[in-house]
Amino acid sequence: MRFHAALHSNLPHLSDYDCFYASVFEAENPALKALPLAVQQKQIVVTCNYEARRRGLRKLQLIKEAKKTCPEVVIVLGEDLTKFRDISKGLYSFLSSLVWGDQVEKLGFDEVFLDVTSMIEYNLQWLEPDITNSVFQLDKDDFTVGFEYDPTVYCGPTYPSRDDHLQPEHISLPLDLGQRLILASHLGNYLRKQLEERHGYTSTVGISTSKLLAKLAGNVHKPRNQTTLIPPFLNDTDQSDSYIIQFMDSHEIGKVPGIGFKIASLIRAAVLGRENDLELYRELRTCDQVTVGDVRTFPGMGPLMLDKILSGGGWPKDIGTRIWGLINGVDHSEVAAARATPTQISIEDSFRQLDTLDAVRKEILPLARNLIRRMHTDLTEEEEEMAGTDEEEADTMRDDTQDQPAVPPQPSTRKRRWLAHPRTLRLSTRSRIPPSSTDTNPSTAQPPDRTPTLYNNRISRSCPIPQFIFSFKDNVDAIAERLVHECLMPAFLKLHPEKSGWRISLINVAVTNMVDSAGSTKNSAGRDIGKMFRSQSRVLREWKVADVDNGVGDCQVDNSDAIKSDTALELEDDSMENDMWEHEEVDSSMDNSTYGAECHICGTYIPHFALKAHETYHSIPD
DNA sequence: TGGGGTCAG
DNA sequence: ACTTCTGACCCCA
């Protein structure tokens, strides 16, 4: 069987990005770390830090309730996602720069799948039996770049835990899966440390042989830790996946990634025997919870039965097979390669209700503006300065003279070009009352066979995108205004021909249907990284000393379950790390001293916010 | 290609 | 009171 190591890493503490938002505010203002902090979008708490959780706050809680539960809570507004998106991009770029190949897949703002197979394979070949001190090479071309580790033991927690599990005395090299997972566990630990030391963000990592298992493994030891899901390697062959089965069986069916609310509900209904004539139904441990194990062992359960359970919906063709695979811990999906450009960009806002054209127009305008800004940041890059551009000769001469000291040309004067052109513009709305609905009371609606697909009330109209949206000459406001009048308002009227009474509660404006520009490089992410770091090797070399210092010793720290994540390694911070990562239009204007300084111990350039953590780290060993 | 659905965080 | 602000992929016509 082929080894497919996926390393899944949640960038902040918890695997959801709840805490990611809170971490971003804490990074801006470290004083917040000691306080209960909640991030607000409209009337709800979308996220809160651990201090707030300790005091009883939860995500997706009403602001009112949160204030009642914890009057001292500090509330910050998080409706503008720009910061989160930028930080997320930066952390993502950093990980991509370390991992070989381009299989680095973002899931939301706060999670990344990494396929580290080739790194593991490469490092496997240097191992010799029973050597407890080795070097993990992070750069094929430079054996001095890497970190020390002990390849005879896992780094960090495993599932099953090593207390429950016989650690093999001798690991057969080099083809053993367990050995690969050991290496992956050390790499995961290294990546976590790098994220924390260099960027001030803690993360949780799951390590296994597929995206499915890596993701679920990541939930086991939640904040600021990692879990390696280990298959049995001493057991008999027929039960070779028993731990995986047990692991999967213990999950509630809806917790399995890929099984969402609808599918889980249908499967639960079937297993609980709601509409099944079979009365072979079993005693379920809890009334409400249906576990993967309950589903897997249900009489007759398999791909065909799942197909039947899910028949009638618009599901993918192989849905039964896929779900059955997930239930059995099988997931063959690959970690997706990095994308040059997103497939769509959308921006939306929600409201209590909008009922007049004027109100609608007033709300759409800023959405259009922001959308155009986003198109510029995400779909354009700086033009490569071509020697042949006659018109710009004067500028070019002045700006690009050799040996120009630290101040680069103003980014705003640089030429930009589109990496991709969206071809479609789309307006979506949601109303408080569904447009044409007859359902009076959803709670009384009996679930006979199919969910009546009640209330998923976003409706949309799209149109070809007007070409003026791509202009670099006209300013954003002018383009936005024209877009609203010529496209978006007409689209709105098509959506809502009625005179009034729409009770609009949400408006979304999107560009979709991207066509990559010819000549744009395949891997723009890689090029951005190249701009941010001189080269991968150089960056890594800068950190070489740190890496070696850390290797094994830190594993021991991390292995201890007794760490107080709140106090042990708190990071001081300054707000500017965004700008480290500020993409295409700004990067050439960076003056490093604005954002950080050189460490007086190792001389490495450290972003300002990470300096304290970095020095703390120097003080640990030796 | 347009409109909608489900999944994810 | 399944809420917020997204983004990816899938199906059907």
# chains A, B, ... in the order shown; residues from 1 in each chain; ligands from 1
call {"tool": "residues_around", "arguments": {"residues": "segment 2-13 of chain C", "least_positions_apart": "3", "cutoff": "10 Å", "atoms": "only C-alpha atoms (C1' of nucleotides)", "output": "NGL selection string"}}
result
(:A and (40-46 or 60-62 or 78-81 or 107-109 or 313-317 or 342-350 or 508)) or (:B and (2-9))
call {"tool": "select_by_dssp", "arguments": {"residues": "segment 70-280 of chain A", "states": "alpha helix (DSSP H)", "output": "MDAnalysis selection string"}}
result
chainID A and resid 82:98 117:124 177:199 211:218 242:249 261:271
call {"tool": "interface_residues", "arguments": {"of": "chain A", "to": "chain B", "cutoff": "10 Å", "atoms": "only C-alpha atoms (C1' of nucleotides)", "output": "PyMOL selection string"}}
result
chain A and resi 15-18+107-111+257-263+313-315+424+453+456-463+513
call {"tool": "atom_distance", "arguments": {"atom1": "atom CA of Val271 of chain A", "atom2": "atom CA of Ala217 of chain A"}}
result
25.7 Å
call {"tool": "atom_distance", "arguments": {"atom1": "atom CA of Thr356 of chain A", "atom2": "atom CA of Ile479 of chain A"}}
result
23.2 Å
call {"tool": "residues_around", "arguments": {"residues": "His485 of chain A", "least_positions_apart": "5", "cutoff": "10 Å", "atoms": "only C-alpha atoms (C1' of nucleotides)", "output": "mmCIF file with N, CA and C atoms, in the first residue's frame"}}
result
data_model
loop_
_atom_site.group_PDB
_atom_site.id
_atom_site.type_symbol
_atom_site.label_atom_id
_atom_site.label_comp_id
_atom_site.auth_asym_id
_atom_site.auth_seq_id
_atom_site.Cartn_x
_atom_site.Cartn_y
_atom_site.Cartn_z
ATOM 1 N N ARG A 361 -29.286 50.181 -2.719
ATOM 2 C CA ARG A 361 -28.204 50.807 -3.469
ATOM 3 C C ARG A 361 -27.103 51.282 -2.532
ATOM 4 N N LEU A 365 -23.111 49.590 -2.736
ATOM 5 C CA LEU A 365 -21.956 50.370 -3.175
ATOM 6 C C LEU A 365 -20.657 50.001 -2.456
ATOM 7 N N ALA A 480 -16.736 51.313 -9.011
ATOM 8 C CA ALA A 480 -17.779 50.721 -8.172
ATOM 9 C C ALA A 480 -19.127 51.360 -8.461
ATOM 10 N N PRO A 490 -29.570 46.612 -11.833
ATOM 11 C CA PRO A 490 -30.396 45.836 -12.769
ATOM 12 C C PRO A 490 -30.539 44.373 -12.348
ATOM 13 N N ALA A 491 -29.439 43.789 -11.878
ATOM 14 C CA ALA A 491 -29.519 42.402 -11.421
ATOM 15 C C ALA A 491 -30.460 42.295 -10.227
#
call {"tool": "atom_distance", "arguments": {"atom1": "atom CA of Pro299 of chain A", "atom2": "atom CA of Leu213 of chain A"}}
result
25.3 Å
call {"tool": "residues_around", "arguments": {"residues": "Leu506 of chain A", "least_positions_apart": "3", "cutoff": "10 Å", "atoms": "only C-alpha atoms (C1' of nucleotides)", "output": "list in words"}}
result
Glu348, Asp349, Ser350, Phe351, Arg352, Gln353, Leu354, Glu363, Ser428, Thr429, Arg430, Ser431, Arg432, Arg458 and Arg503 of chain A
call {"tool": "write_last_selection", "arguments": {"atoms": "N, CA and C atoms", "output": "compact mmCIF listing (two decimals), in the first residue's frame"}}
result
# COMPACT_ATOMS: atom_id res chain seq x y z
N GLU A 348 -19.90 39.99 1.16
CA GLU A 348 -21.30 40.10 1.53
C GLU A 348 -21.46 40.79 2.86
N ASP A 349 -22.68 41.25 3.07
CA ASP A 349 -23.02 41.85 4.35
C ASP A 349 -24.44 41.43 4.65
N SER A 350 -24.74 41.41 5.93
CA SER A 350 -26.10 41.07 6.30
C SER A 350 -26.74 42.24 7.04
N PHE A 351 -28.05 42.25 7.05
CA PHE A 351 -28.81 43.39 7.58
C PHE A 351 -30.03 42.87 8.31
N ARG A 352 -30.62 43.75 9.08
CA ARG A 352 -31.88 43.37 9.71
C ARG A 352 -32.93 43.24 8.61
N GLN A 353 -33.12 44.28 7.90
CA GLN A 353 -33.93 44.17 6.70
C GLN A 353 -33.81 45.41 5.83
N LEU A 354 -33.86 45.18 4.53
CA LEU A 354 -33.77 46.28 3.57
C LEU A 354 -35.02 46.24 2.71
N GLU A 363 -26.25 50.09 0.30
CA GLU A 363 -25.48 48.98 0.88
C GLU A 363 -24.62 48.28 -0.17
N SER A 428 -26.24 38.03 -5.18
CA SER A 428 -27.13 37.13 -4.44
C SER A 428 -27.78 37.87 -3.30
N THR A 429 -28.99 37.47 -3.00
CA THR A 429 -29.67 38.04 -1.84
C THR A 429 -30.33 36.93 -1.04
N ARG A 430 -30.61 37.25 0.19
CA ARG A 430 -31.40 36.37 1.04
C ARG A 430 -32.45 37.24 1.69
N SER A 431 -33.65 36.71 1.77
CA SER A 431 -34.73 37.47 2.38
C SER A 431 -35.13 36.84 3.70
N ARG A 432 -35.75 37.63 4.53
CA ARG A 432 -36.24 37.11 5.80
C ARG A 432 -37.32 36.06 5.58
N ARG A 458 -31.00 31.66 -0.53
CA ARG A 458 -30.19 32.61 -1.28
C ARG A 458 -30.58 32.44 -2.73
N ARG A 503 -37.74 42.54 2.35
CA ARG A 503 -37.09 42.18 3.62
C ARG A 503 -35.73 41.54 3.38
call {"tool": "residues_around", "arguments": {"residues": "Glu481 of chain A", "least_positions_apart": "3", "cutoff": "12 Å", "atoms": "only C-alpha atoms (C1' of nucleotides)", "output": "MDAnalysis selection string"}}
result
chainID A and resid 361:370 372 468:469 474:478 484:489
